[in-house]
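S.K.: The structure follows.
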Amino acid sequence: QVRLVESGGGLVQAGGSLRLSCAASGVIFSINAKHWYRQAPGKQREWVAGITNTGSANYADSVKGRFTISRDNAKNTVYLQMNSLKPEDTAVYYCKHIQKGSDYWGQGTQVTVSS
């Protein structure tokens with residue numbers, strides 16, 4: 001089992017920045033992928049960014065150039081640096097850890113961007 005704990009959410013003005021963290025604990029295999037998703041009120045959960053264990057990253061078009069995903073394998077932690085935040089980035093942000101064909105989700109952290 002893998003347990004994920006997110007942190008770093010909060011309230012920020014448009015144009016501001018936040019850095020989310022997601023720490024994994026439990027049985028962690030070296031080959032894994034980590035992703036960030038978000039879910040806004042009344043909307044479906046959407047994929048934001050992902051990164052492989054080798055550091056290859058991909059982004060949704062809506063956040064490309066503003067968000068950066070990174071990971072620290074020694075700490076089993078994935079980060080999401082969010083810059084130039086917009087009100088439409090307001091959502092609960094979730095991290096997901098994938099290994100050995102299983103998905104693990106965090107509890108989510110609220111990000112609110114005021115205009």
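Chain identifiers are assigned as A, B, and so on, following the order in which chains appear in the structure tokens; residues are numbered from 1 within each chain, and ligands are numbered from 1 in order of appearance.
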Contacts of Leu85 of chain A at 8 Å or less, counting only C-alpha atoms, minus same-chain residues fewer than 3 places along, as a PyMOL selection string?
M.R.: chain A and resi 13-17+66+82+89+113
S.K.: When DSSP is applied to the backbone of this structure, which of chain A are assigned strand (DSSP E or B)? Write them out as a ChimeraX atom specification.
M.R.: /A:2-7,10-13,18-26,33-39,46-52,57-59,67-72,77-82,91-99,102-105,109-114
S.K.: Write the residues of the selection above to a file with C-alpha atoms, as a PDB file, in the first residue's frame.
M.R.:
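Dumped to again.pdb:
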ATOM      1  CA  VAL A   2       1.004   3.568  -0.680  1.00  0.00           C
ATOM      2  CA  ARG A   3      -0.196   6.559   1.311  1.00  0.00           C
ATOM      3  CA  LEU A   4      -0.099  10.042  -0.222  1.00  0.00           C
ATOM      4  CA  VAL A   5      -0.295  13.294   1.707  1.00  0.00           C
ATOM      5  CA  GLU A   6      -0.678  16.570  -0.176  1.00  0.00           C
ATOM      6  CA  SER A   7       0.111  20.008   1.172  1.00  0.00           C
ATOM      7  CA  GLY A  10      -4.340  27.882  -0.084  1.00  0.00           C
ATOM      8  CA  LEU A  11      -5.795  31.183  -1.188  1.00  0.00           C
ATOM      9  CA  VAL A  12      -3.828  33.345  -3.607  1.00  0.00           C
ATOM     10  CA  GLN A  13      -4.561  36.331  -5.805  1.00  0.00           C
ATOM     11  CA  LEU A  18       1.762  28.283  -5.025  1.00  0.00           C
ATOM     12  CA  ARG A  19       3.812  25.134  -4.641  1.00  0.00           C
ATOM     13  CA  LEU A  20       2.024  21.883  -3.922  1.00  0.00           C
ATOM     14  CA  SER A  21       3.762  18.866  -2.436  1.00  0.00           C
ATOM     15  CA  CYS A  22       2.717  15.237  -2.288  1.00  0.00           C
ATOM     16  CA  ALA A  23       4.690  12.889  -0.072  1.00  0.00           C
ATOM     17  CA  ALA A  24       4.382   9.151  -0.554  1.00  0.00           C
ATOM     18  CA  SER A  25       4.966   6.533   2.112  1.00  0.00           C
ATOM     19  CA  GLY A  26       4.655   2.776   2.265  1.00  0.00           C
ATOM     20  CA  ALA A  33       4.770   7.607 -12.281  1.00  0.00           C
ATOM     21  CA  LYS A  34       3.264  10.551 -10.466  1.00  0.00           C
ATOM     22  CA  HIS A  35       0.483  12.826 -11.635  1.00  0.00           C
ATOM     23  CA  TRP A  36      -1.461  15.832 -10.515  1.00  0.00           C
ATOM     24  CA  TYR A  37      -5.184  16.139 -11.195  1.00  0.00           C
ATOM     25  CA  ARG A  38      -7.687  18.788 -10.222  1.00  0.00           C
ATOM     26  CA  GLN A  39     -11.425  19.001  -9.773  1.00  0.00           C
ATOM     27  CA  GLU A  46      -9.033  16.568 -14.996  1.00  0.00           C
ATOM     28  CA  TRP A  47      -5.414  15.662 -15.492  1.00  0.00           C
ATOM     29  CA  VAL A  48      -2.932  18.496 -14.984  1.00  0.00           C
ATOM     30  CA  ALA A  49       0.574  17.087 -15.255  1.00  0.00           C
ATOM     31  CA  GLY A  50       2.562  13.884 -14.965  1.00  0.00           C
ATOM     32  CA  ILE A  51       6.161  12.812 -14.472  1.00  0.00           C
ATOM     33  CA  THR A  52       7.912   9.468 -14.814  1.00  0.00           C
ATOM     34  CA  ALA A  57       7.150  15.428 -17.717  1.00  0.00           C
ATOM     35  CA  ASN A  58       3.965  16.286 -19.592  1.00  0.00           C
ATOM     36  CA  TYR A  59       1.337  18.960 -19.073  1.00  0.00           C
ATOM     37  CA  PHE A  67       3.004  24.972 -13.995  1.00  0.00           C
ATOM     38  CA  THR A  68       6.070  22.800 -13.417  1.00  0.00           C
ATOM     39  CA  ILE A  69       5.992  19.266 -12.057  1.00  0.00           C
ATOM     40  CA  SER A  70       9.092  17.858 -10.409  1.00  0.00           C
ATOM     41  CA  ARG A  71      10.004  15.042  -8.080  1.00  0.00           C
ATOM     42  CA  ASP A  72      12.527  14.140  -5.424  1.00  0.00           C
ATOM     43  CA  THR A  77       7.776  13.468  -3.089  1.00  0.00           C
ATOM     44  CA  VAL A  78       6.287  15.130  -6.142  1.00  0.00           C
ATOM     45  CA  TYR A  79       5.828  18.872  -6.470  1.00  0.00           C
ATOM     46  CA  LEU A  80       3.686  21.163  -8.567  1.00  0.00           C
ATOM     47  CA  GLN A  81       4.959  24.699  -8.891  1.00  0.00           C
ATOM     48  CA  MET A  82       2.093  26.876 -10.061  1.00  0.00           C
ATOM     49  CA  ALA A  91      -9.959  23.488  -7.687  1.00  0.00           C
ATOM     50  CA  VAL A  92      -9.087  20.682  -5.332  1.00  0.00           C
ATOM     51  CA  TYR A  93      -5.749  19.305  -6.469  1.00  0.00           C
ATOM     52  CA  TYR A  94      -5.020  15.601  -6.113  1.00  0.00           C
ATOM     53  CA  CYS A  95      -1.817  13.653  -6.617  1.00  0.00           C
ATOM     54  CA  LYS A  96      -1.769  10.145  -7.988  1.00  0.00           C
ATOM     55  CA  HIS A  97       0.983   7.555  -7.703  1.00  0.00           C
ATOM     56  CA  ILE A  98       1.089   4.651 -10.148  1.00  0.00           C
ATOM     57  CA  GLN A  99       3.199   1.546  -9.656  1.00  0.00           C
ATOM     58  CA  SER A 102      -2.066   0.096  -9.173  1.00  0.00           C
ATOM     59  CA  ASP A 103      -3.209   3.672  -8.646  1.00  0.00           C
ATOM     60  CA  TYR A 104      -3.043   5.504  -5.331  1.00  0.00           C
ATOM     61  CA  TRP A 105      -4.649   8.880  -4.635  1.00  0.00           C
ATOM     62  CA  THR A 109      -5.635  20.087  -1.278  1.00  0.00           C
ATOM     63  CA  GLN A 110      -7.744  23.159  -2.037  1.00  0.00           C
ATOM     64  CA  VAL A 111      -6.357  25.887  -4.265  1.00  0.00           C
ATOM     65  CA  THR A 112      -8.396  29.063  -4.536  1.00  0.00           C
ATOM     66  CA  VAL A 113      -7.383  31.886  -6.846  1.00  0.00           C
ATOM     67  CA  SER A 114      -9.164  35.186  -6.333  1.00  0.00           C
TER      68      SER A 114
END
S.K.: May I ask which of the residues A:Gly55, A:Ser115, A:Gly8, A:Gln1 is the closest one to Thr90 of chain A, counting only C-alpha atoms?
M.R.: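 The closest residue to Thr90 of chain A is A:Ser115.
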S.K.: What is the atom CA of Asn53 of chain A-atom CA of Ala40 of chain A distance in Å, reported with one decimal?
M.R.: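 Separation between atom CA of Asn53 of chain A and atom CA of Ala40 of chain A: 27.9 Å.
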